[in-house]
Every structure is written in structure tokens, then in C-alpha cells.
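Data block for target23.txt (compact mmCIF, N, CA and C atoms):
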```txt
# COMPACT_ATOMS: atom_id res chain seq x y z
N MET A 1 141.91 79.36 52.97
CA MET A 1 141.83 80.39 53.99
C MET A 1 143.21 80.96 54.27
N LEU A 2 143.99 81.18 53.27
CA LEU A 2 145.28 81.84 53.38
C LEU A 2 146.25 81.12 54.32
N GLY A 3 146.08 79.82 54.48
CA GLY A 3 147.00 79.07 55.32
C GLY A 3 146.88 79.39 56.80
N LEU A 4 145.75 79.95 57.24
CA LEU A 4 145.61 80.32 58.64
C LEU A 4 145.39 79.12 59.56
N PHE A 5 144.97 78.02 59.01
CA PHE A 5 144.67 76.85 59.82
C PHE A 5 145.84 75.87 59.80
N ASN A 6 146.10 75.27 60.94
CA ASN A 6 147.07 74.19 61.01
C ASN A 6 146.44 72.98 60.33
N ARG A 7 147.09 72.44 59.33
CA ARG A 7 146.50 71.38 58.52
C ARG A 7 146.90 69.97 58.94
N SER A 8 147.64 69.82 60.01
CA SER A 8 148.02 68.47 60.42
C SER A 8 146.80 67.75 60.98
N LYS A 9 146.80 66.44 60.84
CA LYS A 9 145.65 65.62 61.26
C LYS A 9 145.59 65.54 62.78
N ARG A 10 144.45 65.78 63.34
CA ARG A 10 144.22 65.74 64.79
C ARG A 10 143.03 64.82 65.07
N GLU A 11 142.95 64.40 66.33
CA GLU A 11 141.77 63.67 66.76
C GLU A 11 140.57 64.62 66.71
N PRO A 12 139.39 64.10 66.41
CA PRO A 12 138.22 64.97 66.35
C PRO A 12 137.92 65.60 67.71
N LEU A 13 137.47 66.84 67.69
CA LEU A 13 137.05 67.53 68.89
C LEU A 13 135.56 67.80 68.77
N TYR A 14 134.79 67.14 69.60
CA TYR A 14 133.34 67.38 69.65
C TYR A 14 133.06 68.25 70.85
N ILE A 15 132.28 69.31 70.62
CA ILE A 15 132.02 70.27 71.67
C ILE A 15 130.63 70.87 71.48
N ASN A 16 130.03 71.23 72.59
CA ASN A 16 128.77 71.95 72.54
C ASN A 16 129.04 73.31 71.89
N LEU A 17 128.25 73.70 70.90
CA LEU A 17 128.48 74.97 70.21
C LEU A 17 128.41 76.15 71.16
N LYS A 18 127.55 76.08 72.16
CA LYS A 18 127.47 77.15 73.17
C LYS A 18 128.82 77.29 73.87
N SER A 19 129.47 76.18 74.19
CA SER A 19 130.78 76.22 74.84
C SER A 19 131.83 76.83 73.91
N LEU A 20 131.77 76.50 72.63
CA LEU A 20 132.70 77.08 71.66
C LEU A 20 132.53 78.60 71.60
N ILE A 21 131.29 79.06 71.57
CA ILE A 21 131.02 80.51 71.56
C ILE A 21 131.53 81.15 72.85
N ASP A 22 131.32 80.48 73.99
CA ASP A 22 131.82 81.00 75.27
C ASP A 22 133.33 81.15 75.25
N ILE A 23 134.04 80.18 74.64
CA ILE A 23 135.50 80.24 74.55
C ILE A 23 135.92 81.43 73.68
N ILE A 24 135.26 81.62 72.56
CA ILE A 24 135.58 82.75 71.69
C ILE A 24 135.37 84.06 72.42
N GLU A 25 134.26 84.17 73.16
CA GLU A 25 133.99 85.39 73.94
C GLU A 25 135.06 85.59 75.02
N LYS A 26 135.43 84.52 75.72
CA LYS A 26 136.42 84.61 76.80
C LYS A 26 137.78 85.02 76.25
N ASP A 27 138.21 84.38 75.16
CA ASP A 27 139.50 84.73 74.58
C ASP A 27 139.53 86.20 74.18
N TYR A 28 138.46 86.71 73.59
CA TYR A 28 138.45 88.12 73.22
C TYR A 28 138.50 89.00 74.45
N SER A 29 137.72 88.65 75.49
CA SER A 29 137.69 89.48 76.69
C SER A 29 139.06 89.55 77.36
N GLU A 30 139.91 88.54 77.10
CA GLU A 30 141.26 88.52 77.65
C GLU A 30 142.28 89.19 76.71
N GLY A 31 141.79 89.80 75.64
CA GLY A 31 142.66 90.59 74.78
C GLY A 31 143.18 89.90 73.54
N TYR A 32 142.70 88.71 73.23
CA TYR A 32 143.13 88.02 72.03
C TYR A 32 142.31 88.54 70.86
N GLU A 33 142.99 89.04 69.85
CA GLU A 33 142.35 89.84 68.82
C GLU A 33 141.51 89.07 67.83
N PHE A 34 141.80 87.82 67.59
CA PHE A 34 141.17 87.14 66.47
C PHE A 34 141.07 85.65 66.76
N ASN A 35 139.88 85.12 66.70
CA ASN A 35 139.64 83.69 66.84
C ASN A 35 138.80 83.24 65.66
N LEU A 36 139.11 82.10 65.12
CA LEU A 36 138.33 81.58 64.01
C LEU A 36 138.30 80.07 64.14
N ALA A 37 137.13 79.50 64.03
CA ALA A 37 137.00 78.04 64.10
C ALA A 37 136.10 77.57 62.97
N GLU A 38 136.52 76.48 62.36
CA GLU A 38 135.67 75.82 61.38
C GLU A 38 135.06 74.62 62.09
N PHE A 39 133.75 74.46 61.97
CA PHE A 39 133.13 73.30 62.58
C PHE A 39 132.19 72.63 61.59
N SER A 40 131.96 71.36 61.85
CA SER A 40 131.07 70.57 61.03
C SER A 40 129.83 70.23 61.85
N TYR A 41 128.67 70.41 61.22
CA TYR A 41 127.41 70.07 61.87
C TYR A 41 126.47 69.53 60.81
N ASP A 42 125.96 68.35 61.02
CA ASP A 42 125.00 67.73 60.10
C ASP A 42 125.52 67.75 58.67
N ASN A 43 126.76 67.32 58.48
CA ASN A 43 127.41 67.21 57.18
C ASN A 43 127.62 68.53 56.45
N SER A 44 127.62 69.63 57.17
CA SER A 44 127.94 70.92 56.55
C SER A 44 128.99 71.64 57.40
N LYS A 45 129.84 72.41 56.74
CA LYS A 45 130.91 73.14 57.41
C LYS A 45 130.50 74.59 57.62
N HIS A 46 130.91 75.14 58.76
CA HIS A 46 130.61 76.52 59.11
C HIS A 46 131.85 77.16 59.72
N ILE A 47 131.93 78.48 59.61
CA ILE A 47 133.02 79.25 60.20
C ILE A 47 132.42 80.19 61.24
N ILE A 48 133.01 80.19 62.44
CA ILE A 48 132.54 81.06 63.51
C ILE A 48 133.76 81.68 64.18
N GLY A 49 133.62 82.89 64.69
CA GLY A 49 134.75 83.49 65.38
C GLY A 49 134.50 84.94 65.75
N SER A 50 135.60 85.60 66.03
CA SER A 50 135.54 87.02 66.36
C SER A 50 136.75 87.70 65.74
N GLU A 51 136.60 88.98 65.50
CA GLU A 51 137.72 89.76 64.98
C GLU A 51 137.60 91.18 65.49
N MET A 52 138.77 91.79 65.67
CA MET A 52 138.84 93.15 66.19
C MET A 52 138.99 94.10 65.01
N ASP A 53 138.16 95.14 64.97
CA ASP A 53 138.31 96.21 64.00
C ASP A 53 139.06 97.33 64.70
N GLU A 54 140.37 97.41 64.45
CA GLU A 54 141.21 98.39 65.14
C GLU A 54 140.75 99.82 64.89
N GLU A 55 140.35 100.11 63.65
CA GLU A 55 139.94 101.47 63.31
C GLU A 55 138.67 101.86 64.06
N ALA A 56 137.70 100.98 64.09
CA ALA A 56 136.44 101.26 64.78
C ALA A 56 136.55 100.97 66.28
N ARG A 57 137.64 100.30 66.69
CA ARG A 57 137.87 99.91 68.07
C ARG A 57 136.69 99.12 68.64
N CYS A 58 136.26 98.13 67.87
CA CYS A 58 135.17 97.27 68.35
C CYS A 58 135.38 95.86 67.83
N ILE A 59 134.67 94.94 68.43
CA ILE A 59 134.75 93.54 68.05
C ILE A 59 133.55 93.21 67.16
N PHE A 60 133.80 92.33 66.23
CA PHE A 60 132.72 91.77 65.43
C PHE A 60 132.75 90.26 65.65
N PHE A 61 131.62 89.69 65.83
CA PHE A 61 131.51 88.24 65.85
C PHE A 61 131.10 87.84 64.44
N VAL A 62 131.69 86.79 63.94
CA VAL A 62 131.43 86.39 62.56
C VAL A 62 130.90 84.96 62.51
N TYR A 63 130.00 84.75 61.57
CA TYR A 63 129.47 83.41 61.33
C TYR A 63 129.21 83.28 59.83
N ASP A 64 129.90 82.36 59.20
CA ASP A 64 129.75 82.10 57.77
C ASP A 64 129.79 83.39 56.94
N GLY A 65 130.76 84.26 57.26
CA GLY A 65 131.00 85.45 56.46
C GLY A 65 130.16 86.66 56.81
N LYS A 66 129.26 86.54 57.76
CA LYS A 66 128.42 87.67 58.16
C LYS A 66 128.90 88.20 59.51
N ASP A 67 129.00 89.53 59.63
CA ASP A 67 129.45 90.17 60.87
C ASP A 67 128.27 90.52 61.76
N TYR A 68 128.49 90.37 63.07
CA TYR A 68 127.50 90.74 64.09
C TYR A 68 128.19 91.61 65.12
N LEU A 69 127.48 92.59 65.63
CA LEU A 69 128.08 93.52 66.60
C LEU A 69 128.24 92.91 67.99
N SER A 70 127.50 91.86 68.28
CA SER A 70 127.62 91.19 69.58
C SER A 70 127.39 89.70 69.40
N SER A 71 127.89 88.93 70.37
CA SER A 71 127.65 87.49 70.30
C SER A 71 126.17 87.19 70.50
N ASP A 72 125.48 88.00 71.31
CA ASP A 72 124.04 87.79 71.50
C ASP A 72 123.28 87.98 70.20
N GLU A 73 123.65 89.02 69.44
CA GLU A 73 123.01 89.25 68.14
C GLU A 73 123.25 88.06 67.21
N MET A 74 124.47 87.55 67.21
CA MET A 74 124.80 86.41 66.37
C MET A 74 124.01 85.17 66.79
N LYS A 75 123.96 84.92 68.10
CA LYS A 75 123.26 83.73 68.59
C LYS A 75 121.77 83.77 68.27
N LYS A 76 121.16 84.95 68.30
CA LYS A 76 119.74 85.08 67.99
C LYS A 76 119.46 84.93 66.50
N ALA A 77 120.41 85.34 65.68
CA ALA A 77 120.19 85.36 64.23
C ALA A 77 120.39 84.00 63.57
N ILE A 78 121.22 83.16 64.15
CA ILE A 78 121.60 81.90 63.51
C ILE A 78 120.81 80.74 64.11
N VAL A 79 120.29 79.91 63.22
CA VAL A 79 119.54 78.73 63.65
C VAL A 79 120.05 77.52 62.84
N LEU A 80 120.39 76.44 63.53
CA LEU A 80 120.78 75.19 62.90
C LEU A 80 119.75 74.14 63.27
N ASP A 81 119.09 73.59 62.29
CA ASP A 81 118.05 72.57 62.52
C ASP A 81 117.04 73.00 63.57
N GLY A 82 116.62 74.25 63.51
CA GLY A 82 115.62 74.76 64.44
C GLY A 82 116.14 75.10 65.82
N LYS A 83 117.47 75.04 66.00
CA LYS A 83 118.07 75.32 67.30
C LYS A 83 118.94 76.57 67.19
N ASN A 84 118.89 77.42 68.20
CA ASN A 84 119.76 78.60 68.24
C ASN A 84 121.19 78.16 68.53
N LEU A 85 122.15 79.03 68.21
CA LEU A 85 123.56 78.70 68.42
C LEU A 85 123.90 78.41 69.86
N ASP A 86 123.15 78.99 70.80
CA ASP A 86 123.48 78.75 72.20
C ASP A 86 122.62 77.65 72.83
N ASP A 87 121.94 76.88 72.01
CA ASP A 87 121.15 75.75 72.50
C ASP A 87 122.10 74.68 73.03
N GLU A 88 121.83 74.17 74.20
CA GLU A 88 122.71 73.17 74.84
C GLU A 88 122.82 71.88 74.03
N ASP A 89 121.87 71.60 73.14
CA ASP A 89 121.86 70.34 72.41
C ASP A 89 122.65 70.35 71.11
N VAL A 90 123.23 71.47 70.72
CA VAL A 90 123.96 71.56 69.46
C VAL A 90 125.42 71.14 69.70
N ILE A 91 125.75 69.92 69.29
CA ILE A 91 127.11 69.40 69.41
C ILE A 91 127.74 69.44 68.02
N VAL A 92 128.95 70.03 67.93
CA VAL A 92 129.63 70.17 66.66
C VAL A 92 131.01 69.55 66.74
N GLU A 93 131.60 69.29 65.58
CA GLU A 93 132.99 68.84 65.52
C GLU A 93 133.83 70.01 65.03
N VAL A 94 134.76 70.47 65.87
CA VAL A 94 135.68 71.53 65.45
C VAL A 94 136.75 70.86 64.59
N THR A 95 136.84 71.29 63.34
CA THR A 95 137.78 70.67 62.42
C THR A 95 139.07 71.46 62.27
N ARG A 96 139.00 72.78 62.42
CA ARG A 96 140.20 73.62 62.34
C ARG A 96 139.97 74.86 63.20
N ALA A 97 141.08 75.45 63.67
CA ALA A 97 140.98 76.67 64.47
C ALA A 97 142.22 77.52 64.29
N CYS A 98 142.03 78.81 64.43
CA CYS A 98 143.13 79.76 64.31
C CYS A 98 142.93 80.83 65.37
N VAL A 99 144.00 81.15 66.08
CA VAL A 99 143.95 82.21 67.08
C VAL A 99 145.15 83.12 66.84
N ILE A 100 144.90 84.41 66.72
CA ILE A 100 145.96 85.39 66.50
C ILE A 100 145.90 86.41 67.62
N GLY A 101 147.04 86.82 68.11
CA GLY A 101 147.08 87.83 69.16
C GLY A 101 147.28 87.23 70.53
N GLY A 102 147.77 86.00 70.59
CA GLY A 102 148.11 85.41 71.87
C GLY A 102 147.11 84.42 72.41
N GLY A 103 145.98 84.23 71.75
CA GLY A 103 144.93 83.35 72.25
C GLY A 103 145.41 81.91 72.37
N MET A 104 145.01 81.25 73.41
CA MET A 104 145.47 79.88 73.62
C MET A 104 144.35 78.89 73.86
N GLN A 105 143.18 79.31 74.29
CA GLN A 105 142.13 78.39 74.70
C GLN A 105 141.77 77.40 73.58
N LEU A 106 141.53 77.87 72.37
CA LEU A 106 141.19 76.95 71.28
C LEU A 106 142.36 76.04 70.94
N PHE A 107 143.58 76.54 71.04
CA PHE A 107 144.74 75.71 70.77
C PHE A 107 144.81 74.56 71.77
N HIS A 108 144.60 74.84 73.04
CA HIS A 108 144.64 73.79 74.05
C HIS A 108 143.56 72.74 73.79
N LEU A 109 142.38 73.15 73.41
CA LEU A 109 141.31 72.21 73.15
C LEU A 109 141.65 71.28 72.00
N LEU A 110 142.34 71.80 71.00
CA LEU A 110 142.67 70.98 69.83
C LEU A 110 144.01 70.27 69.96
N GLY A 111 144.67 70.43 71.12
CA GLY A 111 145.95 69.76 71.31
C GLY A 111 147.05 70.39 70.47
N MET A 112 146.90 71.66 70.15
CA MET A 112 147.87 72.34 69.29
C MET A 112 148.82 73.16 70.13
N LYS A 113 149.99 73.43 69.58
CA LYS A 113 150.96 74.32 70.23
C LYS A 113 151.03 75.59 69.41
N LYS A 114 151.08 76.69 70.10
CA LYS A 114 151.19 77.98 69.42
C LYS A 114 152.62 78.16 68.92
N ASP A 115 152.77 78.52 67.64
CA ASP A 115 154.09 78.76 67.05
C ASP A 115 154.61 80.12 67.44
```
Once you've parsed the file, please lay out its structure as C-alpha cells.
Amino acid sequence: MLGLFNRSKREPLYINLKSLIDIIEKDYSEGYEFNLAEFSYDNSKHIIGSEMDEEARCIFFVYDGKDYLSSDEMKKAIVLDGKNLDDEDVIVEVTRACVIGGGMQLFHLLGMKKD
């Protein structure tokens, strides 16, 4: 992933996927341009996040390489083991995270310091 992730070993972070999505939404609403998190669920890895399209002046939410115009659209489209992304019972392990544009929330959760 182009070296975007901090590769040092960290303690595992287990979080409700709905909470992770809420953090991504909050960071974007506060002006942080790009959030990306890799998480593990049921022995498979997934990428979730948001990115700003400067030219179109809009945000895209991304999940495993597919773009969505809103987090609600993304949450409705994605199902893990019969559960929607915003289901309270979906607990994931965040394995890596990247925030560009000043975002700090994901860094604090992972015990990382922004360079």
C-alpha cells in the first residue's frame, strides 16, 4: 500500500465496526481529507475509509476498493456474515491505519503519534 501504513508492531485494537465507521465520518466532518483502516474479521482482511475528491469536491467512502457516495450507501451495500456494517455485533481488529490531512482520532486509538 505504498508505505502508507505504520508497520511497527502494536497491541491489537478490537472495535465495533460501527464505531470505526463513526470515527471515519467524524474525522472527515472535521476536515481530515483521507482515512484508511485495514481490519481483520473472521480471518479475512478488509480496507475501509474515506477520501476526498478535490476536483469533484465530494467525499467517497471506500470499502475493499469500491467507492460509495455516502457512508449510509456503503453500510447498506456491505454485509459480513449476514450483518450490515453498522450492526452493533460486528467486532473487528484494526490492524493498520493511515490518516492524511491532520486526522488524529484513528492514530490515538492505535497508540500512534502523527509524524
*Could you check how far atom N of Phe39 in chain A sits from atom N of Cys58 in chain A, in Å to one decimal?*
24.5 Å
*Please identify all polymer residues lying at most 8 Å from the point (129.6, 95.1, 66.2) (file coordinates), using only N, CA and C atoms, and present the result as an MDAnalysis selection string.*
chainID A and resid 58:61 67:71
*For CA of Ser44 in chain A and CA of Asp27 in chain A, determine how far apart the two atoms are, in Å to one decimal place.*
25.5 Å
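The gap separating atom C of Tyr63 in chain A from atom N of Asp86 in chain A is 13.2 Å, in Å to one decimal.
Those residues that approach Asn43 in chain A to within 12 Å, counting only C-alpha atoms, are Phe39, Leu80, Val92 and Glu93 of chain A; same-chain residues fewer than 4 positions away are not listed.
Backbone DSSP assigns helix (DSSP H, G or I) in range 39-90 of chain A to Ser71, Asp72, Glu73, Met74, Lys75, Lys76 and Ala77 of chain A.
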Residue selection dump (N, CA and C atoms) as a CSV table (one decimal), keeping the file's coordinate frame:
```csv
chain,number,residue,atom,x,y,z
A,71,SER,N,127.9,88.9,70.4
A,71,SER,CA,127.6,87.5,70.3
A,71,SER,C,126.2,87.2,70.5
A,72,ASP,N,125.5,88.0,71.3
A,72,ASP,CA,124.0,87.8,71.5
A,72,ASP,C,123.3,88.0,70.2
A,73,GLU,N,123.6,89.0,69.4
A,73,GLU,CA,123.0,89.2,68.1
A,73,GLU,C,123.2,88.1,67.2
A,74,MET,N,124.5,87.6,67.2
A,74,MET,CA,124.8,86.4,66.4
A,74,MET,C,124.0,85.2,66.8
A,75,LYS,N,124.0,84.9,68.1
A,75,LYS,CA,123.3,83.7,68.6
A,75,LYS,C,121.8,83.8,68.3
A,76,LYS,N,121.2,85.0,68.3
A,76,LYS,CA,119.7,85.1,68.0
A,76,LYS,C,119.5,84.9,66.5
A,77,ALA,N,120.4,85.3,65.7
A,77,ALA,CA,120.2,85.4,64.2
A,77,ALA,C,120.4,84.0,63.6
```
_In range 16-93 of chain A, DSSP strand (DSSP E or B) residues written as a VMD selection string_ = chain A and resid 16 34 to 41 44 to 53 58 to 63 66 to 68 79 to 80 83 to 84 91 to 93
